[in-house]
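Quick look at structure.csv (CSV, C-alpha atoms):
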```
chain,number,residue,atom,x,y,z
U,17,ALA,CA,-34.1,12.2,20.5
U,18,GLY,CA,-37.0,9.9,20.1
U,19,GLY,CA,-38.0,10.5,23.7
U,20,LEU,CA,-38.4,14.2,22.9
U,21,GLY,CA,-41.0,13.3,20.3
U,22,LEU,CA,-38.7,13.8,17.3
U,23,ARG,CA,-39.1,11.5,14.3
U,24,VAL,CA,-35.8,9.8,14.0
U,25,CYS,CA,-34.3,7.5,11.4
U,26,VAL,CA,-30.9,5.7,11.5
U,27,ALA,CA,-29.7,4.7,8.0
U,28,ALA,CA,-26.8,2.3,7.3
U,29,HIS,CA,-25.1,1.4,4.0
U,30,SER,CA,-25.8,-2.3,4.3
U,31,ALA,CA,-28.6,-4.6,5.7
U,32,ASP,CA,-25.9,-5.9,8.1
U,33,GLY,CA,-25.3,-2.3,9.4
U,34,ARG,CA,-29.1,-1.8,9.7
U,35,ARG,CA,-29.5,-4.9,11.8
U,36,ARG,CA,-26.6,-3.8,14.1
U,37,ALA,CA,-28.2,-0.4,14.5
U,38,ALA,CA,-31.6,-2.0,15.4
U,39,ARG,CA,-29.9,-4.3,18.0
U,40,GLN,CA,-28.1,-1.4,19.6
U,41,LEU,CA,-31.2,0.7,19.7
U,42,GLY,CA,-33.2,-2.2,21.1
U,43,SER,CA,-36.6,-1.8,22.6
U,44,ASP,CA,-35.7,1.5,24.3
U,45,ALA,CA,-36.2,3.3,21.0
U,46,PRO,CA,-39.4,1.9,19.4
U,47,GLU,CA,-40.1,5.3,17.7
U,48,THR,CA,-36.7,5.2,15.9
U,49,ALA,CA,-36.8,3.8,12.3
U,50,THR,CA,-33.9,2.0,10.7
U,51,ALA,CA,-33.2,1.6,7.0
U,52,THR,CA,-30.4,1.2,4.5
U,53,VAL,CA,-29.4,4.3,2.6
U,54,ALA,CA,-30.5,2.7,-0.7
U,55,GLY,CA,-33.9,1.7,0.9
U,56,LEU,CA,-34.4,5.2,2.2
U,57,LEU,CA,-33.7,6.8,-1.2
U,58,THR,CA,-36.0,4.3,-3.1
U,59,GLN,CA,-38.8,4.5,-0.4
U,60,THR,CA,-38.7,0.8,0.2
U,61,GLU,CA,-37.4,1.2,3.8
U,62,GLY,CA,-37.7,3.7,6.6
U,63,PRO,CA,-40.3,6.3,7.5
U,64,GLY,CA,-41.5,7.2,4.0
U,65,ARG,CA,-42.2,10.7,2.8
U,66,ASP,CA,-44.3,13.6,4.0
U,67,ALA,CA,-46.8,15.6,2.1
U,68,ASP,CA,-44.1,17.7,0.5
U,69,GLY,CA,-42.1,14.7,-0.7
U,70,ALA,CA,-39.4,15.0,2.0
U,71,ILE,CA,-38.2,12.1,4.2
U,72,ALA,CA,-40.5,12.2,7.2
U,73,VAL,CA,-37.9,12.7,9.8
U,74,ASP,CA,-36.7,15.4,12.2
U,75,LEU,CA,-33.3,13.7,12.6
U,76,LEU,CA,-31.5,11.5,10.2
U,77,VAL,CA,-28.4,9.7,11.3
U,78,VAL,CA,-26.2,8.1,8.6
U,79,LEU,CA,-23.8,5.4,9.7
U,80,ASP,CA,-20.6,4.5,7.8
U,81,ALA,CA,-20.8,7.9,6.3
U,82,PRO,CA,-17.4,7.7,4.6
U,83,GLN,CA,-19.1,5.3,2.1
U,84,LEU,CA,-21.4,8.1,0.9
U,85,ASP,CA,-20.6,9.3,-2.6
U,86,VAL,CA,-21.6,12.6,-3.9
U,87,ASP,CA,-24.7,11.3,-5.7
U,88,ASP,CA,-26.3,9.6,-2.6
U,89,ALA,CA,-25.2,12.5,-0.3
U,90,ALA,CA,-26.8,15.0,-2.6
U,91,MET,CA,-30.1,13.1,-2.8
U,92,LEU,CA,-30.2,12.7,1.0
U,93,VAL,CA,-29.7,16.4,1.6
U,94,GLU,CA,-32.2,17.3,-1.1
U,95,LEU,CA,-34.8,15.0,0.5
U,96,LEU,CA,-34.5,16.5,4.0
U,97,ALA,CA,-37.1,19.1,5.0
U,98,ASP,CA,-36.0,22.6,6.1
U,99,GLY,CA,-35.2,22.4,9.8
U,100,ALA,CA,-34.4,18.7,9.8
U,101,CYS,CA,-31.0,17.7,11.3
U,102,LEU,CA,-28.5,15.4,9.6
U,103,VAL,CA,-25.8,13.6,11.6
U,104,LEU,CA,-23.0,11.8,9.6
U,105,SER,CA,-21.3,9.1,11.7
U,106,GLY,CA,-18.2,7.3,10.6
U,107,ASP,CA,-14.6,6.5,11.0
U,108,PRO,CA,-12.3,8.8,8.9
U,109,GLY,CA,-9.7,6.1,8.8
U,110,MET,CA,-11.8,3.7,6.7
U,111,LEU,CA,-11.6,3.4,2.9
U,112,TRP,CA,-13.7,5.9,1.0
U,113,SER,CA,-16.7,5.4,-1.2
U,114,ALA,CA,-16.5,3.3,-4.3
U,115,GLY,CA,-18.4,6.1,-6.1
U,116,PRO,CA,-17.2,9.7,-6.8
U,117,GLY,CA,-16.2,12.1,-4.2
U,118,ARG,CA,-15.1,11.9,-0.6
U,119,VAL,CA,-18.0,13.7,1.1
U,120,PHE,CA,-17.3,12.8,4.7
U,121,ALA,CA,-13.6,13.8,4.6
U,122,ASP,CA,-14.4,17.0,2.8
U,123,LEU,CA,-17.1,18.1,5.3
U,124,LEU,CA,-14.6,17.3,8.1
U,125,SER,CA,-11.9,19.4,6.4
U,126,ALA,CA,-14.3,22.3,5.7
U,127,GLU,CA,-15.0,22.7,9.4
U,128,ILE,CA,-18.5,24.2,8.7
U,129,CYS,CA,-20.5,22.1,11.2
U,130,PRO,CA,-20.1,20.8,14.8
U,131,ARG,CA,-17.9,17.7,15.1
U,132,VAL,CA,-18.0,15.2,18.0
U,133,ALA,CA,-15.1,12.7,18.3
U,134,SER,CA,-16.2,9.5,19.9
U,135,ARG,CA,-13.6,6.9,19.2
U,136,THR,CA,-14.2,3.7,21.2
U,137,PRO,CA,-11.9,1.0,20.0
U,138,ASP,CA,-13.2,-2.6,19.6
U,139,PHE,CA,-12.4,-4.7,22.6
U,140,GLY,CA,-9.7,-7.3,22.6
U,141,PRO,CA,-6.6,-8.1,20.5
U,142,ILE,CA,-8.3,-7.3,17.2
U,143,GLY,CA,-9.3,-3.9,18.5
U,144,GLU,CA,-5.9,-3.2,19.8
U,145,LEU,CA,-4.3,-4.2,16.5
U,146,VAL,CA,-6.6,-2.1,14.4
U,147,SER,CA,-6.3,0.9,16.7
U,148,GLY,CA,-2.5,0.9,16.3
U,149,ILE,CA,-2.9,0.7,12.5
U,150,GLY,CA,-5.1,3.7,12.6
U,151,ILE,CA,-2.2,5.8,13.9
U,152,GLY,CA,0.4,4.2,11.6
U,153,GLU,CA,1.7,1.5,13.9
U,154,LEU,CA,1.7,-2.2,13.2
U,155,ASN,CA,2.1,-3.7,16.6
U,156,GLN,CA,2.3,-7.3,17.9
U,157,VAL,CA,-0.6,-8.0,20.2
U,158,GLU,CA,-1.2,-10.7,22.8
U,159,ALA,CA,-3.9,-13.1,21.6
U,160,PRO,CA,-4.1,-16.0,24.1
U,161,GLY,CA,-7.4,-17.1,22.5
U,162,LYS,CA,-6.0,-17.1,19.0
U,163,GLU,CA,-8.0,-14.0,18.2
U,164,VAL,CA,-5.2,-12.9,15.8
U,165,VAL,CA,-3.1,-15.4,13.9
U,166,ILE,CA,-0.4,-14.6,11.3
U,167,VAL,CA,0.3,-17.2,8.7
U,168,PRO,CA,3.5,-16.6,6.7
U,169,VAL,CA,3.5,-17.9,3.1
U,170,ARG,CA,6.2,-17.9,0.4
U,171,ASP,CA,4.1,-17.6,-2.8
U,172,ALA,CA,0.5,-17.4,-4.2
U,173,ALA,CA,0.0,-21.1,-4.4
U,174,GLU,CA,0.8,-21.5,-0.7
U,175,ALA,CA,-1.4,-18.5,0.1
U,176,ILE,CA,-4.4,-20.2,-1.6
U,177,HIS,CA,-3.7,-23.6,0.1
U,178,ARG,CA,-3.4,-22.1,3.5
U,179,THR,CA,-6.5,-19.9,3.0
U,180,VAL,CA,-8.7,-22.8,2.1
U,181,GLN,CA,-7.3,-24.8,5.0
U,182,LEU,CA,-8.1,-21.9,7.4
U,183,VAL,CA,-11.7,-21.4,6.2
U,184,ALA,CA,-12.6,-25.1,5.9
U,185,ASP,CA,-10.8,-26.6,8.8
U,186,SER,CA,-8.6,-24.5,11.2
U,187,VAL,CA,-11.0,-21.7,12.0
U,188,PRO,CA,-14.1,-23.9,12.5
U,189,ARG,CA,-12.0,-26.3,14.7
U,190,ALA,CA,-10.0,-23.9,16.8
U,191,ILE,CA,-12.3,-20.8,16.9
U,192,GLY,CA,-15.7,-22.4,16.5
U,193,VAL,CA,-16.7,-20.2,13.6
U,194,PRO,CA,-18.1,-22.2,10.6
U,195,ALA,CA,-16.9,-21.7,7.1
U,196,GLU,CA,-20.1,-19.9,6.0
U,197,GLU,CA,-19.4,-17.2,8.7
U,198,THR,CA,-15.8,-16.7,7.7
U,199,GLN,CA,-15.0,-14.1,5.1
U,200,VAL,CA,-11.8,-14.0,3.0
U,201,ILE,CA,-10.6,-10.5,2.0
U,202,THR,CA,-7.8,-9.7,-0.5
U,203,PRO,CA,-6.7,-6.5,-2.3
U,204,GLY,CA,-8.1,-7.2,-5.8
U,205,HIS,CA,-10.0,-9.5,-8.2
U,206,GLY,CA,-7.0,-10.4,-10.4
U,207,GLY,CA,-3.6,-11.9,-9.7
U,208,ALA,CA,-2.4,-15.2,-8.6
U,209,ALA,CA,-4.2,-14.9,-5.2
U,210,GLY,CA,-7.0,-12.5,-6.1
U,211,THR,CA,-10.7,-13.1,-5.5
U,212,ARG,CA,-11.1,-15.1,-8.7
U,213,ALA,CA,-8.4,-17.6,-7.8
U,214,LEU,CA,-9.4,-17.8,-4.2
U,215,ASN,CA,-13.1,-18.3,-4.9
U,216,ALA,CA,-12.3,-21.0,-7.4
U,217,ALA,CA,-10.3,-22.9,-4.8
U,218,LEU,CA,-12.9,-22.3,-2.0
U,219,LYS,CA,-15.8,-23.4,-4.2
U,220,GLU,CA,-14.0,-26.6,-5.1
U,221,ARG,CA,-13.5,-27.4,-1.4
U,222,LEU,CA,-16.8,-26.0,0.1
U,223,ASN,CA,-19.4,-26.4,-2.6
U,224,PRO,CA,-18.1,-28.3,-5.7
U,225,GLY,CA,-20.3,-28.3,-8.8
U,226,PRO,CA,-20.3,-27.8,-12.5
U,227,GLY,CA,-21.5,-24.2,-12.3
U,228,ARG,CA,-24.4,-25.0,-14.6
U,229,PHE,CA,-26.1,-21.6,-13.9
U,230,GLY,CA,-23.7,-19.3,-15.5
U,231,GLY,CA,-20.8,-20.6,-13.4
U,232,PHE,CA,-22.9,-20.8,-10.2
U,233,ASP,CA,-24.5,-23.7,-8.3
U,234,PRO,CA,-27.1,-23.8,-5.5
U,235,GLY,CA,-25.4,-23.1,-2.2
U,236,ASP,CA,-22.6,-20.9,-3.7
U,237,ARG,CA,-21.7,-17.9,-1.6
U,238,VAL,CA,-22.0,-14.8,-3.8
U,239,VAL,CA,-21.9,-11.0,-3.7
U,240,TYR,CA,-24.5,-9.2,-5.7
U,241,VAL,CA,-23.6,-5.6,-6.8
U,242,PRO,CA,-26.8,-4.1,-8.1
U,243,THR,CA,-25.2,-0.6,-8.5
U,244,PRO,CA,-21.5,0.4,-8.2
U,245,GLY,CA,-20.5,0.6,-4.6
U,246,ARG,CA,-23.5,-1.3,-3.2
U,247,VAL,CA,-22.6,-4.9,-2.2
U,248,ARG,CA,-25.1,-7.5,-1.0
U,249,PRO,CA,-23.7,-10.8,0.2
U,250,GLY,CA,-25.9,-13.7,-0.5
U,251,ARG,CA,-26.3,-17.3,-1.5
U,252,VAL,CA,-27.5,-19.0,-4.7
U,253,LEU,CA,-30.9,-20.7,-4.4
U,254,GLY,CA,-31.2,-21.8,-8.1
U,255,ALA,CA,-32.0,-20.5,-11.5
U,256,ASP,CA,-34.7,-20.6,-14.1
U,257,ALA,CA,-35.7,-18.9,-17.4
U,258,GLU,CA,-36.0,-15.5,-15.6
U,259,GLY,CA,-32.5,-15.5,-14.2
U,260,LEU,CA,-30.4,-16.4,-11.1
U,261,ARG,CA,-32.3,-16.6,-7.8
U,262,LEU,CA,-30.4,-15.5,-4.7
U,263,GLU,CA,-31.1,-15.0,-1.0
U,264,CYS,CA,-29.6,-11.7,0.2
U,265,ASP,CA,-30.1,-10.5,3.7
U,266,GLY,CA,-32.8,-13.1,4.2
U,267,GLU,CA,-34.8,-11.8,1.2
U,268,PRO,CA,-35.3,-13.5,-2.2
U,269,VAL,CA,-33.5,-11.6,-5.1
U,270,LEU,CA,-33.9,-12.3,-8.8
U,271,VAL,CA,-31.0,-11.3,-11.0
U,272,PRO,CA,-32.1,-11.2,-14.7
U,273,LYS,CA,-30.0,-13.5,-16.9
U,274,GLU,CA,-28.5,-10.6,-18.9
U,275,GLN,CA,-27.2,-9.0,-15.6
U,276,VAL,CA,-25.7,-12.0,-13.9
U,277,GLU,CA,-22.2,-11.8,-15.5
U,278,ARG,CA,-21.9,-8.1,-14.6
U,279,ALA,CA,-23.5,-8.1,-11.2
U,280,VAL,CA,-22.8,-11.4,-9.5
U,281,ARG,CA,-19.5,-12.8,-8.3
U,282,HIS,CA,-18.6,-15.7,-6.0
U,283,GLY,CA,-18.4,-14.4,-2.5
U,284,TRP,CA,-16.2,-16.6,-0.3
U,285,ALA,CA,-13.5,-14.0,-1.1
U,286,VAL,CA,-14.1,-10.3,-1.6
U,287,THR,CA,-12.0,-7.2,-2.0
U,288,GLY,CA,-11.3,-4.8,0.8
U,289,HIS,CA,-13.5,-2.2,-0.7
U,290,GLN,CA,-16.4,-4.7,-1.0
U,291,ALA,CA,-16.0,-5.6,2.7
U,292,VAL,CA,-16.2,-2.1,4.0
U,293,GLY,CA,-19.3,-1.6,6.2
U,294,LEU,CA,-19.7,-5.3,6.8
U,295,ARG,CA,-18.6,-7.5,9.7
U,296,TRP,CA,-18.3,-11.3,10.1
U,297,PRO,CA,-17.5,-13.5,13.1
U,298,ALA,CA,-14.1,-14.4,11.4
U,299,ALA,CA,-12.0,-12.8,8.7
U,300,VAL,CA,-9.1,-14.2,6.7
U,301,VAL,CA,-7.1,-11.4,5.1
U,302,VAL,CA,-4.8,-12.6,2.3
U,303,LEU,CA,-1.9,-10.4,1.4
U,304,PRO,CA,-0.2,-11.9,-1.7
U,305,GLY,CA,3.2,-10.6,-2.8
U,306,ASP,CA,1.9,-9.5,-6.2
U,307,ALA,CA,-0.7,-7.1,-4.6
U,308,THR,CA,1.6,-5.0,-2.4
U,309,GLN,CA,1.1,-1.9,-4.5
U,310,ALA,CA,-2.6,-1.9,-3.5
U,311,LEU,CA,-1.8,-1.8,0.2
U,312,SER,CA,-2.3,1.5,2.2
U,313,ARG,CA,-3.1,2.3,5.8
U,314,PRO,CA,-6.8,2.8,5.1
U,315,TRP,CA,-7.0,-0.6,3.3
U,316,VAL,CA,-5.2,-2.5,6.0
U,317,TYR,CA,-7.2,-0.7,8.7
U,318,SER,CA,-10.5,-1.5,7.0
U,319,ALA,CA,-9.7,-5.1,6.1
U,320,PHE,CA,-8.2,-6.1,9.5
U,321,GLY,CA,-11.3,-4.7,11.3
U,322,ARG,CA,-13.9,-6.9,9.5
U,323,GLY,CA,-13.6,-9.9,11.9
U,324,GLU,CA,-15.4,-9.7,15.2
U,325,ARG,CA,-14.0,-12.8,17.0
U,326,HIS,CA,-11.0,-13.8,14.9
U,327,LEU,CA,-8.6,-12.5,12.3
U,328,SER,CA,-6.1,-14.6,10.3
U,329,VAL,CA,-3.6,-12.8,8.1
U,330,VAL,CA,-2.1,-14.9,5.3
U,331,HIS,CA,1.0,-12.9,5.0
U,332,GLY,CA,3.1,-12.9,1.8
U,333,ALA,CA,3.7,-9.2,1.6
U,334,ASP,CA,6.9,-9.1,3.7
U,335,ALA,CA,8.0,-5.6,4.5
U,336,ALA,CA,5.3,-4.0,2.3
U,337,LEU,CA,2.7,-4.4,5.1
U,338,PRO,CA,4.4,-2.4,7.8
U,339,ARG,CA,5.6,0.1,5.2
U,340,ALA,CA,2.0,0.6,4.0
U,341,VAL,CA,0.7,1.1,7.5
U,342,ALA,CA,3.4,3.5,8.5
U,343,GLU,CA,3.9,5.4,5.2
U,344,VAL,CA,1.1,5.0,2.7
U,345,PRO,CA,-2.0,7.2,3.4
U,346,ALA,CA,-5.1,7.3,1.4
U,347,LYS,CA,-4.6,8.0,-2.3
U,348,PRO,CA,-5.5,11.6,-3.0
U,349,ARG,CA,-8.9,12.2,-4.7
U,350,THR,CA,-9.5,15.6,-6.3
U,351,THR,CA,-12.8,17.2,-5.3
U,352,ARG,CA,-14.2,20.7,-5.1
U,353,LEU,CA,-16.7,20.0,-2.3
U,354,GLN,CA,-14.8,21.4,0.6
U,355,ARG,CA,-14.2,24.8,-1.2
U,356,LEU,CA,-17.8,25.0,-2.4
U,357,VAL,CA,-19.3,24.3,1.0
U,358,ARG,CA,-17.1,26.9,2.6
U,359,ALA,CA,-18.1,29.5,0.0
U,360,GLN,CA,-21.8,28.9,0.7
U,361,LEU,CA,-21.4,29.3,4.5
U,362,PRO,CA,-19.0,32.2,4.9
U,363,GLY,CA,-20.0,32.9,8.5
U,364,ALA,CA,-19.6,29.3,9.7
```
Mind converting the file's structure to structure tokens?
Amino acid sequence: AGGLGLRVCVAAHSADGRRRAARQLGSDAPETATATVAGLLTQTEGPGRDADGAIAVDLLVVLDAPQLDVDDAAMLVELLADGACLVLSGDPGMLWSAGPGRVFADLLSAEICPRVASRTPDFGPIGELVSGIGIGELNQVEAPGKEVVIVPVRDAAEAIHRTVQLVADSVPRAIGVPAEETQVITPGHGGAAGTRALNAALKERLNPGPGRFGGFDPGDRVVYVPTPGRVRPGRVLGADAEGLRLECDGEPVLVPKEQVERAVRHGWAVTGHQAVGLRWPAAVVVLPGDATQALSRPWVYSAFGRGERHLSVVHGADAALPRAVAEVPAKPRTTRLQRLVRAQLPGA
């Protein structure tokens, strides 16, 4: 499109997604801008606005579009000039947005615009495993290079012990991925093996300290959530009278003191919803027995696909895992968008 003289922007939901888009576009598309959705809406990234206040593009491509909630989707559409083209790209099998609505799924169901299916599974054992999950099948895959490893556990205490062992020792030694590039993913924050318990154990092993800055120490891995549904992985640099200082996506970030408790969590372990749209060289997915009610096919599909080179599954869910993959679809979410869009375009 850029070669035709069109002004093009590719927007992703995370800085990680933006970097991936820029790498894939490469030097062959110097006229194509990249941005995050948040940066595009706040005018801190991307092509800026034209004289009428619209985003200065002829073609806007939004990656990971299932993560669009109704607020961000409405703002993007409102800011596009008449005649501009909007392409929503995403995997309908992934978890939906943390915010209200299910825009991508509703537009697919409404059938009011052209759809192009382009499903290219990831290469290798992880790609084979995730592709099977997407159609409701939990298959055993051949993984001669230990790309996929299942670690059975009896209880939450063993799950935490084995997770710390994997992150700190086994994955770096056997796969060559250091601890700081391995992400732990679990269904929820609470519970005996939720993010709180896992992060406490991982901090004690990987970056012990007194937590003198509101529970955080320099070097801690964190996730910063400036607004609901927007997750920025980072690392603590320090703190002062103004607040907690982080590095997120290579940029310095200051979180005011009064916002730290609400907006910052330790980030060695995150929930499946926080991990959507992000990728790491290695992922350790923890499935504790007390979290089986949270499992669904979209959750497993999303979480298992976060590791590029390696996936370890700390498995304490027994039969709940194959049952979730085969029988538990996405939880219904009531929305009127599909009906409203169809009503506005009766001739589509």
CA of Val78 (chain U) to CA of Leu102 (chain U), straight-line distance in Å: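 Between CA of Leu102 (chain U) and CA of Val78 (chain U) the gap works out to 7.7 Å.
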Residue with smallest distance to Ser30 (chain U) - pool U:Ala291, U:Val157, U:Ala209, U:Val357, counting all atoms listed in the file: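 Closest to Ser30 (chain U) of all the choices is U:Ala291.
Closest approach to Ala133 (chain U) among U:Asp107, U:Glu158, U:Glu47, U:Glu267: U:Asp107, based on only C-alpha atoms.
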Please, which residues in region 267-321 of chain U fall within 12 Å of region 112-126 of chain U when counting all atoms listed in the file, and what is the closest atom pair and distance in Å to one decimal for each, ordered by chain then residue number, as JSON lines?
```
{"residue": "U:Thr287", "atom": "CA", "partner": "U:Ala114", "partner_atom": "CA", "distance": 11.7}
{"residue": "U:Gly288", "atom": "CA", "partner": "U:Ala114", "partner_atom": "CA", "distance": 10.9}
{"residue": "U:His289", "atom": "CA", "partner": "U:Ala114", "partner_atom": "CA", "distance": 7.2}
{"residue": "U:Gln290", "atom": "CA", "partner": "U:Ala114", "partner_atom": "CA", "distance": 8.7}
{"residue": "U:Ala291", "atom": "CA", "partner": "U:Ala114", "partner_atom": "CA", "distance": 11.3}
{"residue": "U:Val292", "atom": "CA", "partner": "U:Trp112", "partner_atom": "CA", "distance": 8.9}
{"residue": "U:Gly293", "atom": "CA", "partner": "U:Ser113", "partner_atom": "CA", "distance": 10.5}
{"residue": "U:Pro314", "atom": "CA", "partner": "U:Trp112", "partner_atom": "CA", "distance": 8.6}
{"residue": "U:Trp315", "atom": "CA", "partner": "U:Trp112", "partner_atom": "CA", "distance": 9.6}
{"residue": "U:Ser318", "atom": "CA", "partner": "U:Trp112", "partner_atom": "CA", "distance": 10.0}
```
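Residues with any atom within 6 Å of Asp74 (chain U), counting all atoms listed in the file and excluding same-chain neighbours fewer than 4 positions away, are Leu22, Arg23, Val24 and Ala100 of chain U.
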Å distance separating CA of Gly192 (chain U) from CA of Leu222 (chain U), one decimal place: 16.8 Å
Counting all atoms listed in the file, what is within 7 Å of Ala31 (chain U), bar same-chain residues fewer than 2 positions away, as a PDB file with C-alpha atoms, in the frame of the given file?
```pdb
ATOM      1  CA  GLY U  33     -25.300  -2.300   9.400  1.00  0.00           C
ATOM      2  CA  ARG U  34     -29.100  -1.800   9.700  1.00  0.00           C
ATOM      3  CA  ARG U  35     -29.500  -4.900  11.800  1.00  0.00           C
ATOM      4  CA  THR U  52     -30.400   1.200   4.500  1.00  0.00           C
ATOM      5  CA  ASP U 265     -30.100 -10.500   3.700  1.00  0.00           C
TER       6      ASP U 265
END
```
Residue nearest Asp334 (chain U) among U:Ala195, U:Val167, U:Ala90, U:Ala97 (counting all atoms listed in the file):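 Closest to Asp334 (chain U), using all atoms listed in the file: U:Val167.
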Spatial neighbours of Leu361 (chain U), 12 Å, only C-alpha atoms, chain gap at least 3 places, as a PyMOL selection string: chain U and resi 126-129+354-358+364
Selection: 7 Å around Val26 (chain U), all atoms listed in the file, excl. self and same-chain fewer than 2 positions, as an NGL selection string: :U and (24 or 28 or 49-51 or 76-78)
Tell me, as a compact mmCIF listing (two decimals) with C-alpha atoms, in the coordinates of the input, which residues lie within 6 Å of region 274-283 of chain U, counting all atoms listed in the file; anything in the same chain fewer than 6 positions away does not count.
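New file selection00.txt:
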```
# COMPACT_ATOMS: atom_id res chain seq x y z
CA ARG U 237 -21.70 -17.90 -1.60
CA VAL U 238 -22.00 -14.80 -3.80
CA VAL U 239 -21.90 -11.00 -3.70
CA TYR U 240 -24.50 -9.20 -5.70
CA VAL U 241 -23.60 -5.60 -6.80
```
Protein/DNA/RNA residues near (-2.2, -9.9, -3.3), cut 9 Å, only C-alpha atoms, as a list in words: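 Every residue inside that radius is included here: Ala172, Thr202, Pro203, Gly204, Gly206, Gly207, Ala208, Ala209, Gly210, Val302, Leu303, Pro304, Gly305, Asp306, Ala307, Thr308, Gln309, Ala310, Leu311, Gly332 and Ala333 of chain U.
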Between CA of Gly109 (chain U) and CA of Val330 (chain U) - distance in Å to one decimal: 22.6 Å
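The smallest atom-to-atom distance between His205 (chain U) and any of U:Val286, U:Gln181, U:Leu262, U:Gly245, using all atoms listed in the file, is found for U:Val286.
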